[in-house]
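File shown: target.pdb. Contents: PDB, C-alpha atoms.
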ATOM      1  CA  MET P  10      33.418  -0.289   9.122
ATOM      2  CA  THR P  11      36.837  -1.207  10.401
ATOM      3  CA  GLU P  12      37.169  -4.593   8.789
ATOM      4  CA  ASN P  13      40.756  -5.524   8.159
ATOM      5  CA  GLU P  14      42.135  -6.323   4.797
ATOM      6  CA  ARG P  15      42.179  -9.991   3.832
ATOM      7  CA  SER P  16      45.793 -10.346   4.835
ATOM      8  CA  GLY P  17      45.264  -8.916   8.297
ATOM      9  CA  ARG P  18      42.715 -11.368   9.705
ATOM     10  CA  PRO P  19      40.683 -10.260  12.713
ATOM     11  CA  ASP P  20      40.679 -12.450  15.806
ATOM     12  CA  LEU P  21      37.911 -14.934  15.075
ATOM     13  CA  ASP P  22      38.320 -16.946  18.247
ATOM     14  CA  HIS P  23      36.881 -14.385  20.593
ATOM     15  CA  VAL P  24      33.763 -14.133  18.422
ATOM     16  CA  GLU P  25      33.035 -17.689  19.506
ATOM     17  CA  ASP P  26      32.885 -16.432  23.094
ATOM     18  CA  PHE P  27      30.266 -13.907  22.054
ATOM     19  CA  PHE P  28      28.299 -16.636  20.303
ATOM     20  CA  ALA P  29      28.491 -18.867  23.372
ATOM     21  CA  ALA P  30      27.332 -16.027  25.623
ATOM     22  CA  ALA P  31      24.427 -15.313  23.294
ATOM     23  CA  ARG P  32      23.439 -18.992  23.257
ATOM     24  CA  ARG P  33      23.423 -19.013  27.072
ATOM     25  CA  ALA P  34      21.200 -15.942  27.176
ATOM     26  CA  PRO P  35      18.636 -16.508  24.426
ATOM     27  CA  PRO P  36      15.707 -14.126  23.977
ATOM     28  CA  GLU P  37      12.637 -15.751  25.522
ATOM     29  CA  PRO P  38       9.085 -15.151  24.304
ATOM     30  CA  SER P  39       6.566 -13.723  26.731
ATOM     31  CA  PRO P  40       3.684 -15.946  27.892
ATOM     32  CA  ALA P  41       1.353 -13.425  26.275
ATOM     33  CA  LEU P  42       2.959 -14.036  22.872
ATOM     34  CA  LEU P  43       2.639 -17.820  23.249
ATOM     35  CA  ALA P  44      -0.993 -17.346  24.260
ATOM     36  CA  ARG P  45      -1.639 -15.285  21.127
ATOM     37  CA  MET P  46       0.004 -17.977  18.987
ATOM     38  CA  LEU P  47      -2.216 -20.622  20.569
ATOM     39  CA  GLU P  48      -5.277 -18.465  20.050
ATOM     40  CA  ASP P  49      -4.411 -18.153  16.357
ATOM     41  CA  ALA P  50      -3.939 -21.918  16.153
ATOM     42  CA  HIS P  51      -7.340 -22.608  17.683
ATOM     43  CA  GLY P  52      -8.974 -20.070  15.414
ATOM     44  CA  LEU P  53      -7.585 -21.827  12.333
ATOM     45  CA  CYS P  54      -7.821 -25.407  13.630
ATOM     46  CA  PRO P  55      -9.617 -27.548  11.071
ATOM     47  CA  ALA P  56     -12.705 -29.353  12.324
ATOM     48  CA  GLY P  57     -12.198 -33.049  12.851
ATOM     49  CA  VAL P  58     -10.871 -35.432  15.449
ATOM     50  CA  GLN P  59     -10.314 -33.602  18.701
ATOM     51  CA  GLY P  60      -7.343 -34.176  20.955
ATOM     52  CA  ALA P  61      -7.637 -35.655  24.407
ATOM     53  CA  GLY P  62      -9.374 -33.335  26.772
ATOM     54  CA  THR P  63     -10.245 -30.815  24.122
ATOM     55  CA  ALA P  64     -13.635 -29.804  22.903
ATOM     56  CA  GLY P  65     -14.654 -28.491  19.550
ATOM     57  CA  PRO P  66     -17.487 -28.434  17.090
ATOM     58  CA  ALA P  67     -18.546 -31.779  15.671
ATOM     59  CA  PRO P  68     -18.677 -32.000  11.870
ATOM     60  CA  SER P  69     -22.054 -30.922  10.562
ATOM     61  CA  GLY P  70     -23.788 -31.743   7.302
ATOM     62  CA  LEU P  71     -23.978 -35.079   5.516
ATOM     63  CA  LEU P  72     -20.810 -34.577   3.470
ATOM     64  CA  ALA P  73     -18.790 -33.467   6.484
ATOM     65  CA  ILE P  74     -19.956 -36.467   8.500
ATOM     66  CA  LEU P  75     -19.185 -38.874   5.647
ATOM     67  CA  ARG P  76     -15.788 -37.253   5.258
ATOM     68  CA  ALA P  77     -15.110 -37.645   8.971
ATOM     69  CA  ILE P  78     -16.190 -41.288   8.954
ATOM     70  CA  PHE P  79     -14.699 -42.520   5.690
ATOM     71  CA  GLY P  80     -12.032 -39.921   5.177
ATOM     72  CA  GLY P  81     -11.251 -37.526   2.385
ATOM     73  CA  TRP P  82     -12.390 -36.635  -1.089
ATOM     74  CA  GLN P  83     -11.036 -39.889  -2.546
ATOM     75  CA  THR P  84     -13.680 -41.837  -0.652
ATOM     76  CA  GLU P  85     -16.371 -39.393  -1.679
ATOM     77  CA  GLY P  86     -15.254 -39.740  -5.305
ATOM     78  CA  GLY P  87     -15.540 -43.522  -5.108
ATOM     79  CA  MET P  88     -19.005 -43.304  -3.617
ATOM     80  CA  VAL P  89     -20.137 -40.897  -6.324
ATOM     81  CA  MET P  90     -18.768 -43.237  -9.026
ATOM     82  CA  ALA P  91     -20.566 -46.234  -7.526
ATOM     83  CA  ALA P  92     -23.814 -44.292  -7.277
ATOM     84  CA  ALA P  93     -23.499 -43.061 -10.888
ATOM     85  CA  ALA P  94     -22.867 -46.624 -12.083
ATOM     86  CA  GLY P  95     -26.002 -47.779 -10.270
ATOM     87  CA  VAL P  96     -28.101 -45.029 -11.851
ATOM     88  CA  TRP P  97     -26.710 -45.878 -15.291
ATOM     89  CA  ILE P  98     -27.543 -49.568 -14.909
ATOM     90  CA  GLY P  99     -31.018 -48.641 -13.769
ATOM     91  CA  PHE P 100     -31.676 -46.467 -16.801
ATOM     92  CA  SER P 101     -29.972 -48.468 -19.506
ATOM     93  CA  GLY P 102     -31.201 -51.850 -18.316
ATOM     94  CA  VAL P 103     -29.727 -55.227 -19.125
ATOM     95  CA  GLY P 104     -29.374 -54.440 -22.826
ATOM     96  CA  GLY P 105     -26.806 -51.835 -22.061
ATOM     97  CA  ILE P 106     -24.793 -54.301 -20.034
ATOM     98  CA  THR P 107     -25.044 -56.828 -22.838
ATOM     99  CA  ASP P 108     -23.766 -54.261 -25.313
ATOM    100  CA  ALA P 109     -20.883 -53.340 -23.076
ATOM    101  CA  ALA P 110     -20.041 -56.966 -22.352
ATOM    102  CA  SER P 111     -20.117 -57.948 -26.002
ATOM    103  CA  GLY P 112     -17.328 -55.505 -26.666
ATOM    104  CA  TYR P 113     -15.095 -57.515 -24.343
ATOM    105  CA  LEU P 114     -16.394 -61.059 -24.778
ATOM    106  CA  GLY P 115     -17.266 -61.101 -28.470
ATOM    107  CA  ALA P 116     -20.565 -60.472 -30.159
ATOM    108  CA  THR P 117     -21.779 -64.084 -29.822
ATOM    109  CA  GLU P 118     -21.858 -64.032 -26.034
ATOM    110  CA  VAL P 119     -25.203 -63.014 -24.573
ATOM    111  CA  LEU P 120     -25.744 -62.422 -20.905
ATOM    112  CA  GLY P 121     -29.434 -63.104 -21.040
ATOM    113  CA  THR P 122     -31.668 -61.884 -18.270
ATOM    114  CA  VAL P 123     -30.204 -60.548 -15.052
ATOM    115  CA  GLU P 124     -32.468 -60.243 -12.062
ATOM    116  CA  LEU P 125     -31.434 -57.462  -9.828
ATOM    117  CA  MET P 126     -34.243 -58.370  -7.430
ATOM    118  CA  PRO P 127     -34.493 -62.158  -7.780
ATOM    119  CA  GLU P 128     -37.664 -62.717  -5.711
ATOM    120  CA  SER P 129     -39.307 -64.583  -8.634
ATOM    121  CA  ASP P 130     -36.458 -67.118  -8.655
ATOM    122  CA  VAL P 131     -36.831 -67.687  -4.962
ATOM    123  CA  LEU P 132     -40.615 -68.055  -5.316
ATOM    124  CA  ALA P 133     -40.248 -70.450  -8.235
ATOM    125  CA  PHE P 134     -37.749 -72.551  -6.298
ATOM    126  CA  ALA P 135     -40.079 -72.656  -3.305
ATOM    127  CA  THR P 136     -43.027 -73.661  -5.497
ATOM    128  CA  GLU P 137     -40.920 -76.395  -7.072
ATOM    129  CA  LEU P 138     -39.982 -77.747  -3.682
ATOM    130  CA  GLU P 139     -43.628 -77.753  -2.624
ATOM    131  CA  GLY P 140     -44.541 -79.658  -5.821
ATOM    132  CA  GLN P 141     -42.017 -82.393  -5.010
ATOM    133  CA  GLU P 142     -43.440 -82.975  -1.580
TER     134      GLU P 142
ATOM    135  CA  MET W  19       1.934 -27.974  32.741
ATOM    136  CA  ALA W  20       1.954 -31.485  31.387
ATOM    137  CA  PHE W  21       1.944 -32.090  27.690
ATOM    138  CA  ASP W  22       1.212 -35.834  27.869
ATOM    139  CA  ALA W  23       2.210 -38.365  25.241
ATOM    140  CA  GLN W  24       2.624 -35.773  22.525
ATOM    141  CA  ASN W  25       5.992 -34.887  24.028
ATOM    142  CA  ASP W  26       7.437 -37.832  22.105
ATOM    143  CA  ALA W  27       5.774 -37.048  18.790
ATOM    144  CA  SER W  28       7.760 -35.394  16.022
ATOM    145  CA  ASP W  29       6.930 -31.860  14.935
ATOM    146  CA  GLU W  30       5.615 -33.260  11.684
ATOM    147  CA  ALA W  31       3.345 -35.756  13.432
ATOM    148  CA  LEU W  32       2.000 -32.974  15.614
ATOM    149  CA  LEU W  33       1.332 -30.838  12.566
ATOM    150  CA  VAL W  34      -0.627 -33.665  10.954
ATOM    151  CA  LEU W  35      -2.597 -34.116  14.166
ATOM    152  CA  TYR W  36      -3.319 -30.401  14.197
ATOM    153  CA  ALA W  37      -4.449 -30.512  10.583
ATOM    154  CA  ASN W  38      -6.899 -33.208  11.653
ATOM    155  CA  GLY W  39      -8.369 -30.974  14.297
ATOM    156  CA  ASP W  40      -6.296 -31.900  17.351
ATOM    157  CA  ARG W  41      -5.982 -28.765  19.456
ATOM    158  CA  GLY W  42      -3.671 -30.455  21.929
ATOM    159  CA  ALA W  43      -1.155 -30.774  19.109
ATOM    160  CA  ALA W  44      -1.366 -27.028  18.556
ATOM    161  CA  ARG W  45      -0.416 -26.454  22.166
ATOM    162  CA  SER W  46       2.601 -28.742  21.900
ATOM    163  CA  LEU W  47       3.713 -27.037  18.687
ATOM    164  CA  VAL W  48       3.443 -23.600  20.282
ATOM    165  CA  VAL W  49       5.538 -24.733  23.244
ATOM    166  CA  ARG W  50       8.194 -26.231  20.945
ATOM    167  CA  LEU W  51       8.307 -23.826  18.058
ATOM    168  CA  GLY W  52       7.056 -20.539  19.472
ATOM    169  CA  PRO W  53      10.322 -19.834  21.334
ATOM    170  CA  LEU W  54      12.325 -20.761  18.223
ATOM    171  CA  ALA W  55      10.340 -18.336  16.078
ATOM    172  CA  TYR W  56      10.687 -15.528  18.578
ATOM    173  CA  ARG W  57      14.371 -16.172  19.298
ATOM    174  CA  VAL W  58      15.366 -16.099  15.651
ATOM    175  CA  ALA W  59      13.153 -13.110  14.920
ATOM    176  CA  MET W  60      14.689 -11.241  17.823
ATOM    177  CA  ARG W  61      18.229 -12.026  16.717
ATOM    178  CA  MET W  62      17.455 -10.984  13.190
ATOM    179  CA  LEU W  63      15.598  -7.780  14.045
ATOM    180  CA  GLY W  64      17.004  -6.732  17.438
ATOM    181  CA  ASP W  65      13.625  -5.312  18.429
ATOM    182  CA  ALA W  66      11.319  -7.139  20.825
ATOM    183  CA  ALA W  67       7.997  -5.729  19.621
ATOM    184  CA  GLU W  68       8.825  -6.347  15.983
ATOM    185  CA  ALA W  69      10.146  -9.808  16.788
ATOM    186  CA  GLU W  70       6.903 -10.714  18.573
ATOM    187  CA  ASP W  71       4.879  -9.525  15.628
ATOM    188  CA  LEU W  72       7.012 -11.461  13.187
ATOM    189  CA  ALA W  73       7.055 -14.659  15.248
ATOM    190  CA  GLN W  74       3.272 -14.610  15.513
ATOM    191  CA  GLU W  75       3.006 -14.065  11.759
ATOM    192  CA  ALA W  76       5.329 -16.996  11.072
ATOM    193  CA  MET W  77       3.342 -19.311  13.340
ATOM    194  CA  LEU W  78       0.144 -18.134  11.684
ATOM    195  CA  ARG W  79       1.583 -19.292   8.377
ATOM    196  CA  LEU W  80       2.354 -22.642   9.947
ATOM    197  CA  TRP W  81      -1.276 -23.116  10.999
ATOM    198  CA  LYS W  82      -2.423 -22.184   7.530
ATOM    199  CA  VAL W  83      -0.036 -24.503   5.733
ATOM    200  CA  ALA W  84      -0.798 -27.468   8.016
ATOM    201  CA  PRO W  85      -3.641 -28.997   5.933
ATOM    202  CA  GLU W  86      -1.424 -29.055   2.823
ATOM    203  CA  TRP W  87       1.774 -30.149   4.560
ATOM    204  CA  ARG W  88       3.591 -32.764   2.496
ATOM    205  CA  GLN W  89       5.050 -35.322   4.828
ATOM    206  CA  GLY W  90       8.705 -36.175   4.417
ATOM    207  CA  GLU W  91       9.604 -33.208   2.233
ATOM    208  CA  ALA W  92      11.017 -30.865   4.851
ATOM    209  CA  GLN W  93      11.405 -30.629   8.593
ATOM    210  CA  VAL W  94       8.912 -28.341  10.234
ATOM    211  CA  SER W  95      11.661 -26.522  12.122
ATOM    212  CA  THR W  96      13.643 -25.940   8.902
ATOM    213  CA  TRP W  97      10.503 -24.591   7.255
ATOM    214  CA  LEU W  98       9.972 -22.261  10.211
ATOM    215  CA  TYR W  99      13.580 -21.046  10.179
ATOM    216  CA  ARG W 100      13.110 -20.233   6.541
ATOM    217  CA  VAL W 101       9.858 -18.334   7.039
ATOM    218  CA  VAL W 102      11.121 -16.366  10.045
ATOM    219  CA  THR W 103      14.428 -15.361   8.486
ATOM    220  CA  ASN W 104      12.829 -14.471   5.166
ATOM    221  CA  LEU W 105      10.181 -12.339   6.825
ATOM    222  CA  ALA W 106      12.896 -10.689   8.916
ATOM    223  CA  THR W 107      15.048 -10.039   5.863
ATOM    224  CA  ASP W 108      12.107  -8.378   4.153
ATOM    225  CA  ARG W 109      11.604  -6.111   7.137
ATOM    226  CA  LEU W 110      15.287  -5.268   7.341
ATOM    227  CA  ARG W 111      15.308  -4.256   3.718
ATOM    228  CA  ARG W 112      12.359  -1.977   4.351
ATOM    229  CA  ARG W 113      13.878  -0.205   7.314
ATOM    230  CA  ARG W 114      17.459   0.476   6.241
ATOM    231  CA  GLY W 115      19.012   3.343   8.118
ATOM    232  CA  VAL W 116      17.409   2.535  11.478
ATOM    233  CA  ALA W 117      19.243   3.633  14.638
ATOM    234  CA  LEU W 118      21.851   1.041  15.509
ATOM    235  CA  ASP W 119      22.571   1.810  19.145
ATOM    236  CA  GLU W 120      19.492   0.133  20.607
ATOM    237  CA  ALA W 121      20.803  -3.297  21.449
ATOM    238  CA  PRO W 122      18.227  -5.138  23.580
ATOM    239  CA  GLU W 123      18.683  -5.668  27.284
ATOM    240  CA  PRO W 124      18.829  -9.409  27.985
ATOM    241  CA  GLU W 125      16.662 -10.721  30.772
ATOM    242  CA  ASP W 126      17.762 -11.451  34.308
ATOM    243  CA  GLY W 127      16.847 -14.501  36.354
ATOM    244  CA  ARG W 128      19.565 -17.049  35.614
ATOM    245  CA  PRO W 129      21.971 -18.487  38.153
ATOM    246  CA  GLY W 130      25.327 -16.766  38.660
ATOM    247  CA  VAL W 131      24.702 -13.056  38.668
ATOM    248  CA  LEU W 132      28.164 -12.013  37.501
ATOM    249  CA  GLU W 133      28.313 -14.621  34.728
ATOM    250  CA  THR W 134      24.820 -13.699  33.725
ATOM    251  CA  MET W 135      25.718 -10.038  33.532
ATOM    252  CA  ILE W 136      28.804 -10.812  31.484
ATOM    253  CA  ASP W 137      26.801 -13.080  29.201
ATOM    254  CA  ALA W 138      24.113 -10.461  28.934
ATOM    255  CA  ASP W 139      26.623  -7.740  28.071
ATOM    256  CA  ARG W 140      28.346  -9.925  25.502
ATOM    257  CA  ALA W 141      25.025 -11.018  24.020
ATOM    258  CA  ALA W 142      23.935  -7.403  23.802
ATOM    259  CA  ALA W 143      27.214  -6.417  22.156
ATOM    260  CA  LEU W 144      26.854  -9.274  19.696
ATOM    261  CA  GLN W 145      23.284  -8.258  18.937
ATOM    262  CA  GLY W 146      24.461  -4.744  18.202
ATOM    263  CA  ALA W 147      27.111  -6.088  15.847
ATOM    264  CA  LEU W 148      24.606  -8.450  14.213
ATOM    265  CA  ASP W 149      22.320  -5.493  13.595
ATOM    266  CA  ARG W 150      25.088  -3.897  11.575
ATOM    267  CA  LEU W 151      25.600  -6.924   9.329
ATOM    268  CA  PRO W 152      23.978  -7.142   5.897
ATOM    269  CA  ALA W 153      20.716  -9.090   6.133
ATOM    270  CA  ARG W 154      21.859 -12.253   4.347
ATOM    271  CA  GLN W 155      25.077 -12.510   6.357
ATOM    272  CA  ARG W 156      23.100 -11.977   9.553
ATOM    273  CA  GLN W 157      20.666 -14.689   8.527
ATOM    274  CA  ALA W 158      23.443 -17.190   7.865
ATOM    275  CA  VAL W 159      25.385 -16.336  11.026
ATOM    276  CA  VAL W 160      22.329 -16.559  13.279
ATOM    277  CA  LEU W 161      21.341 -19.941  11.870
ATOM    278  CA  ARG W 162      24.866 -21.338  11.953
ATOM    279  CA  HIS W 163      26.383 -19.975  15.141
ATOM    280  CA  LEU W 164      23.380 -19.250  17.359
ATOM    281  CA  GLU W 165      20.831 -21.833  16.250
ATOM    282  CA  GLY W 166      23.392 -24.525  15.478
ATOM    283  CA  LEU W 167      22.085 -25.564  12.077
ATOM    284  CA  SER W 168      24.393 -27.386   9.686
ATOM    285  CA  ASN W 169      25.407 -25.740   6.423
ATOM    286  CA  PRO W 170      23.158 -28.038   4.333
ATOM    287  CA  GLU W 171      20.221 -27.206   6.617
ATOM    288  CA  ILE W 172      20.932 -23.502   6.236
ATOM    289  CA  ALA W 173      21.162 -23.961   2.475
ATOM    290  CA  VAL W 174      17.630 -25.395   2.502
ATOM    291  CA  ALA W 175      16.343 -22.673   4.808
ATOM    292  CA  MET W 176      17.871 -19.892   2.696
ATOM    293  CA  ASP W 177      17.277 -21.578  -0.644
ATOM    294  CA  ILE W 178      20.924 -21.225  -1.709
ATOM    295  CA  GLY W 179      23.866 -23.562  -2.205
ATOM    296  CA  VAL W 180      26.107 -24.843   0.565
ATOM    297  CA  GLU W 181      29.089 -22.920  -0.815
ATOM    298  CA  ALA W 182      27.120 -19.703  -0.668
ATOM    299  CA  VAL W 183      26.264 -20.481   2.963
ATOM    300  CA  GLU W 184      29.938 -21.010   3.766
ATOM    301  CA  SER W 185      30.823 -17.730   2.115
ATOM    302  CA  LEU W 186      28.094 -15.793   3.939
ATOM    303  CA  THR W 187      28.945 -17.214   7.365
ATOM    304  CA  ALA W 188      32.685 -16.653   6.882
ATOM    305  CA  ARG W 189      32.222 -13.042   5.781
ATOM    306  CA  GLY W 190      29.697 -12.435   8.544
ATOM    307  CA  LYS W 191      31.940 -13.860  11.206
ATOM    308  CA  ARG W 192      34.913 -11.813   9.990
ATOM    309  CA  ALA W 193      32.828  -8.640  10.040
ATOM    310  CA  LEU W 194      31.606  -9.419  13.556
ATOM    311  CA  ALA W 195      35.140 -10.038  14.754
ATOM    312  CA  ALA W 196      36.245  -6.702  13.373
ATOM    313  CA  ASP W 197      33.255  -4.924  14.848
ATOM    314  CA  LEU W 198      33.621  -6.487  18.299
ATOM    315  CA  ALA W 199      37.408  -6.135  18.495
ATOM    316  CA  GLY W 200      37.161  -2.736  20.128
ATOM    317  CA  GLN W 201      34.889  -4.047  22.903
ATOM    318  CA  LYS W 202      37.027  -6.937  24.117
ATOM    319  CA  GLU W 203      38.481  -5.091  27.107
ATOM    320  CA  GLU W 204      35.248  -3.708  28.482
ATOM    321  CA  LEU W 205      33.445  -7.041  28.071
ATOM    322  CA  GLY W 206      35.868  -9.059  30.161
ATOM    323  CA  PHE W 207      38.211 -10.387  27.488
ATOM    324  CA  GLY W 208      41.090  -8.153  28.550
ATOM    325  CA  HIS W 209      43.091 -10.765  30.458
ATOM    326  CA  ASP W 210      42.422 -13.814  28.269
TER     327      ASP W 210
END

How does this structure look as structure tokens?
Amino acid sequence: MTENERSGRPDLDHVEDFFAAARRAPPEPSPALLARMLEDAHGLCPAGVQGAGTAGPAPSGLLAILRAIFGGWQTEGGMVMAAAAGVWIGFSGVGGITDAASGYLGATEVLGTVELMPESDVLAFATELEGQE
Amino acid sequence: MAFDAQNDASDEALLVLYANGDRGAARSLVVRLGPLAYRVAMRMLGDAAEAEDLAQEAMLRLWKVAPEWRQGEAQVSTWLYRVVTNLATDRLRRRRGVALDEAPEPEDGRPGVLETMIDADRAAALQGALDRLPARQRQAVVLRHLEGLSNPEIAVAMDIGVEAVESLTARGKRALAADLAGQKEELGFGHD
């Protein structure tokens, strides 16, 4: 290479003309290349909300539909936690809740009976009203 | 072809839309970023077929990274510059010793035939000189002087410091000047 020594600087100004010429005549991609890029994009496009005028497979399966409606694993995690809490309450019953509550409120506090399906209360109230009439 | 309201969306917004299954966003991204990927690949490699292959590979990586894209961390275009130039550098390292006299023929079809021919000749001469630069200098010069990136942007794209960018571009430019000095007359610089 014919690069000059540091003291003898080459003419840098005319290189700018080469740069300018190259910027005015940039290499352009062929339509075929852009089509291949788009094909790749469609092949890897995640399922989900489709853009205007586009068609694609709808999400299938319960989890996929829930994910599409509520959005993301965070929501699914919350739903799983809520369901697990419900199952735990169902199995352990009110006593378990009392035990857990006593840890926070002090051992003397008792929750008593909790009706998860309070039909009996409603019936009793209705009977009471009838008795007053 | 119309590209509707997505013309105003940022590259990042389009990428998020794509990650959510919007195929229209993919089209807009191809129109915006496909030419960039090819242009830079071509300037780095000087070979159209290889540049096409590399540009497609870089865009493929973009589609794959879309679902995990972290918003606000980097510009999509900067990320793409980085991927294209790194892939090109890898290829250049693998093919050292390739014939250097195959500068590409620029395309016709622009107004002003004479100016176009002069531009084309100068661009071809520059491409030939770029092909003779070391890969890292070529990378820095292409990003700085042909793509117009700032030194901090190039530093991010090349994963080096700004001072290193300045050094690479200065050395690259000096080497180009020396290389092109002998071609000034024949490329229309004789009477400047």

Name the residues captured by the PyMOL selection byres ((chain W and resi 109) around 12) when it is applied to the shown file; answer as a CSV table (one decimal) with C-alpha atoms, in the coordinates of the input.
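And here's selection35.csv as it stands now:
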chain,number,residue,atom,x,y,z
W,59,ALA,CA,13.2,-13.1,14.9
W,62,MET,CA,17.5,-11.0,13.2
W,63,LEU,CA,15.6,-7.8,14.0
W,64,GLY,CA,17.0,-6.7,17.4
W,65,ASP,CA,13.6,-5.3,18.4
W,68,GLU,CA,8.8,-6.3,16.0
W,69,ALA,CA,10.1,-9.8,16.8
W,71,ASP,CA,4.9,-9.5,15.6
W,72,LEU,CA,7.0,-11.5,13.2
W,102,VAL,CA,11.1,-16.4,10.0
W,103,THR,CA,14.4,-15.4,8.5
W,104,ASN,CA,12.8,-14.5,5.2
W,105,LEU,CA,10.2,-12.3,6.8
W,106,ALA,CA,12.9,-10.7,8.9
W,107,THR,CA,15.0,-10.0,5.9
W,108,ASP,CA,12.1,-8.4,4.2
W,110,LEU,CA,15.3,-5.3,7.3
W,111,ARG,CA,15.3,-4.3,3.7
W,112,ARG,CA,12.4,-2.0,4.4
W,113,ARG,CA,13.9,-0.2,7.3
W,114,ARG,CA,17.5,0.5,6.2
W,116,VAL,CA,17.4,2.5,11.5
W,153,ALA,CA,20.7,-9.1,6.1

- request: Figure out the distance between atom CA of Val83 of chain W and atom CA of Val34 of chain W, please, to one decimal in Å.
  value: 10.6 Å

Selection result for the ChimeraX specification (/P :<6) & /W on this file, as a PyMOL selection string: chain W and resi 37-42+53+56-57+74+81+137+140-141+164+195-196

Would you give the centre and edge lengths, in Å to one decimal, of a box along x, y and z around the listed atoms of segment 63-77 of chain W, with 3 Å added to each side, as lines of an AutoDock Vina configuration file?
center_x = 10.0
center_y = -12.3
center_z = 15.9
size_x = 20.0
size_y = 20.0
size_z = 15.8

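Of the residues listed (W:Ala55, W:Leu161, W:Leu33, W:Leu144), W:Leu33 shows the shortest atom-to-atom separation from Val94 of chain W; distances use only C-alpha atoms.
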
task: Could you jot down the atom CA of Ala73 of chain W to atom CA of Pro152 of chain W separation for me, Å, one decimal place?
output: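 These two atoms are separated by 20.7 Å.
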
statement: Separating atom CA of Leu47 of chain W from atom CA of Ala173 of chain W, to the nearest tenth of an Å, is a gap of 24.0 Å

- prompt: Any chance you could work out the residue set of the PyMOL selection byres ((chain W and resi 145) around 8) here, as JSON, numbers by chain?
  reply: {"W": [61, 64, 121, 122, 141, 142, 143, 144, 146, 147, 148, 149]}

field: Nearest candidate to Asp197 of chain W (options W:Asp177, W:Ala158, W:Leu151, W:His163; using all atoms listed in the file)
entry: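 Of W:Asp177, W:Ala158, W:Leu151, W:His163, the one nearest Asp197 of chain W, counting all atoms listed in the file, is W:Leu151.
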
Restrict the output to segment 52-63 of chain W and N, CA and C atoms, then write it as a short mmCIF file (atom, residue, chain, number, x, y, z; two decimals), in the first residue's frame.
data_model
loop_
_atom_site.label_atom_id
_atom_site.label_comp_id
_atom_site.auth_asym_id
_atom_site.auth_seq_id
_atom_site.Cartn_x
_atom_site.Cartn_y
_atom_site.Cartn_z
N GLY W 52 -34.93 -3.13 5.07
CA GLY W 52 -34.34 -4.04 4.09
C GLY W 52 -33.27 -3.36 3.25
N PRO W 53 -33.57 -2.18 2.68
CA PRO W 53 -32.54 -1.48 1.89
C PRO W 53 -31.30 -1.12 2.72
N LEU W 54 -31.52 -0.74 3.97
CA LEU W 54 -30.38 -0.41 4.85
C LEU W 54 -29.48 -1.64 5.01
N ALA W 55 -30.11 -2.78 5.31
CA ALA W 55 -29.33 -4.00 5.53
C ALA W 55 -28.53 -4.37 4.28
N TYR W 56 -29.20 -4.28 3.14
CA TYR W 56 -28.51 -4.65 1.90
C TYR W 56 -27.40 -3.66 1.56
N ARG W 57 -27.71 -2.38 1.70
CA ARG W 57 -26.74 -1.33 1.35
C ARG W 57 -25.45 -1.49 2.15
N VAL W 58 -25.61 -1.66 3.45
CA VAL W 58 -24.43 -1.77 4.31
C VAL W 58 -23.69 -3.08 4.02
N ALA W 59 -24.44 -4.14 3.83
CA ALA W 59 -23.81 -5.42 3.51
C ALA W 59 -23.02 -5.33 2.22
N MET W 60 -23.61 -4.66 1.24
CA MET W 60 -22.94 -4.51 -0.06
C MET W 60 -21.65 -3.69 0.08
N ARG W 61 -21.73 -2.63 0.87
CA ARG W 61 -20.54 -1.78 1.02
C ARG W 61 -19.46 -2.47 1.84
N MET W 62 -19.88 -3.33 2.72
CA MET W 62 -18.89 -4.07 3.50
C MET W 62 -18.26 -5.20 2.69
N LEU W 63 -19.07 -5.88 1.89
CA LEU W 63 -18.60 -7.10 1.22
C LEU W 63 -18.21 -6.88 -0.23
#
